[in-house]
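First comes the structure, then the notes that go with it.
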Amino acid sequence: MNSPVLQLLVLAGIAVFLILRLRSVLGTREGHEPTREVQGAPKPRAHNLEVIEGGPDHDIIDNVPEDSTSAEALAEMKRVERSFGVADFLGGARGAYEMILMAFERGEMDSVRPFLSEDVYNSFSEVIAIREEKGLTIEGEFIGIRDMTLSAASFDSATGTADITVRFVGELVSVVRGVDGKIVEGEPGKSRRQKDIWTFERVMGADDPNWRLVATGE
């Protein structure tokens with residue numbers, strides 16, 4: 001066997017050894033491999049009523065009492081629309097609260113009109129119009145949501161309409177100034193807490209994924 005061939009065989013042997021060594025350390029991946037689970041990390045919860053061998057759906061009972069009518073309504077929503085999740089809804093409601101509340105503070109309701117029922121849009125717009133007539137301006141800053149609770153849920157099986165009521169405790173800085181620029185309400189840099197009870201509505205299974213704000217209260 002001549003020297004060049006011998007050198008190639010030696011190099012090939014080294015390459016095979018390195019490949020086997022890397023595989024033993026890194027493992028092998030083919031195509032799209034699921035991410036490995038970290039020991040002790042919480043597993044994502046399923047979005048249907050029968051989670052593990054008929055066990056309770058914690059996505060529901062972590063937010064409302066297990067035997068309540070609200071729990072039954074939420075379970076029915078999941079049966080109609082398998083992708084629906086209570087935790088996902090609450091995450092969206094959190095973002096919607098800030099977006100709609102600050103649009104109202106700024107007097108820019110058209111930017112959130114797709115997320116409001118006609119009645120709610122008109123009510124907010126009337127308040128803004130009165131504010132503008134008096135020459136009042138608002139300087140608002142959203143600090144955050146201190147508490148958020150799912151208060152009630154209902155489902156109309158005949159129409160597929162779902163209603164979910166959420167109680168918010170928000171914190172914001174809101175300063176109202178008059179025509180002359182003087183402060184008539186609030187204090188710069190001083191936050192206040194605001195309590196709201198909002199009801200969101202949507203037809204489950206519809207192409208439009210957006211929930212609309214259909215009622216407000218305190």
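Please note that chains go A, B, ... in the order of the structure tokens, that every chain numbers its residues from 1, and that ligands are numbered from 1 in the order shown.
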
Review point. If you run DSSP on this backbone, which residues of range 69-218 of chain A come out as helix (DSSP H, G or I), and could you give them as an NGL selection string?
Key: :A and (69-80 or 86-106 or 109-115 or 118-133)

Find the spatial neighbours of range 120-133 of chain A, counting only C-alpha atoms, within a cut-off of 12 Å - ignore same-chain residues fewer than 5 positions away - and output them as number ranges by chain.
A: 100-115, 138, 176-179, 198-200, 212-217

> range 90-196 of chain A: which residues are strand (DSSP E) by DSSP, as a VMD selection string?
Replying inline: chain A and resid 137 to 156 161 to 177 183 to 185 192 to 196

* Quick one: distance from CA of Ile60 in chain A to CA of Asn210 in chain A in Å, one decimal? ->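 Separation of CA of Ile60 in chain A and CA of Asn210 in chain A: 20.2 Å.
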
Practice item. Tell me, as JSON, numbers by chain, which residues lie within 12 Å of Asp180 in chain A, counting only C-alpha atoms; anything in the same chain fewer than 4 positions away does not count. Key: {"A": [134, 135, 136, 137, 176, 184]}

Find the residues around Ile145 in chain A up to 8 Å (only C-alpha atoms counted), leave out those fewer than 2 positions away in its own chain, and share them as a list in words. Arg94, Ile143, Asp147, Met148, Phe168, Val169, Gly170 and Glu171 of chain A

Atoms kept (all heavy atoms) for selection, written as a CSV table (one decimal), in the first residue's frame:
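Saved to part29.csv:
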chain,number,residue,atom,x,y,z
A,94,ARG,N,-55.9,41.3,28.9
A,94,ARG,CA,-55.0,42.2,29.5
A,94,ARG,C,-54.5,43.2,28.6
A,94,ARG,O,-54.5,44.4,28.9
A,94,ARG,CB,-53.8,41.3,30.1
A,94,ARG,CG,-52.8,42.2,30.8
A,94,ARG,CD,-51.6,41.3,31.3
A,94,ARG,NE,-52.1,40.5,32.4
A,94,ARG,CZ,-52.0,40.8,33.7
A,94,ARG,NH1,-51.4,42.0,34.0
A,94,ARG,NH2,-52.3,40.0,34.6
A,143,ILE,N,-49.7,52.5,34.0
A,143,ILE,CA,-48.7,51.9,34.8
A,143,ILE,C,-48.7,50.4,34.7
A,143,ILE,O,-47.7,49.7,34.6
A,143,ILE,CB,-48.8,52.4,36.3
A,143,ILE,CG1,-48.8,53.9,36.3
A,143,ILE,CG2,-47.7,51.8,37.1
A,143,ILE,CD1,-47.6,54.6,35.8
A,147,ASP,N,-54.5,43.7,39.3
A,147,ASP,CA,-55.3,42.5,39.5
A,147,ASP,C,-56.2,42.3,38.4
A,147,ASP,O,-56.7,43.3,37.8
A,147,ASP,CB,-56.0,42.6,40.9
A,147,ASP,CG,-56.7,41.3,41.2
A,147,ASP,OD1,-56.1,40.2,41.1
A,147,ASP,OD2,-57.9,41.3,41.6
A,148,MET,N,-56.5,41.0,38.0
A,148,MET,CA,-57.4,40.7,37.0
A,148,MET,C,-58.0,39.4,37.3
A,148,MET,O,-57.3,38.4,37.6
A,148,MET,CB,-56.6,40.6,35.6
A,148,MET,CG,-57.6,40.4,34.4
A,148,MET,SD,-56.6,40.4,32.8
A,148,MET,CE,-55.7,38.9,33.0
A,168,PHE,N,-61.0,44.1,36.3
A,168,PHE,CA,-59.7,44.7,36.3
A,168,PHE,C,-59.4,45.7,37.4
A,168,PHE,O,-60.3,46.4,37.7
A,168,PHE,CB,-59.4,45.4,34.9
A,168,PHE,CG,-59.5,44.6,33.7
A,168,PHE,CD1,-60.7,44.5,33.0
A,168,PHE,CD2,-58.4,43.9,33.2
A,168,PHE,CE1,-60.8,43.8,31.8
A,168,PHE,CE2,-58.5,43.1,32.1
A,168,PHE,CZ,-59.7,43.1,31.4
A,169,VAL,N,-58.2,45.7,37.9
A,169,VAL,CA,-57.8,46.8,38.8
A,169,VAL,C,-56.5,47.3,38.1
A,169,VAL,O,-55.4,46.7,38.2
A,169,VAL,CB,-57.5,46.3,40.2
A,169,VAL,CG1,-57.0,47.5,41.1
A,169,VAL,CG2,-58.7,45.7,40.8
A,170,GLY,N,-56.7,48.4,37.5
A,170,GLY,CA,-55.5,49.0,36.8
A,170,GLY,C,-54.9,50.2,37.5
A,170,GLY,O,-55.6,50.8,38.4
A,171,GLU,N,-53.7,50.6,37.2
A,171,GLU,CA,-53.1,51.7,37.8
A,171,GLU,C,-52.6,52.6,36.7
A,171,GLU,O,-51.9,52.2,35.8
A,171,GLU,CB,-51.9,51.3,38.7
A,171,GLU,CG,-51.3,52.4,39.5
A,171,GLU,CD,-50.4,51.9,40.6
A,171,GLU,OE1,-50.3,50.7,40.8
A,171,GLU,OE2,-49.6,52.8,41.1
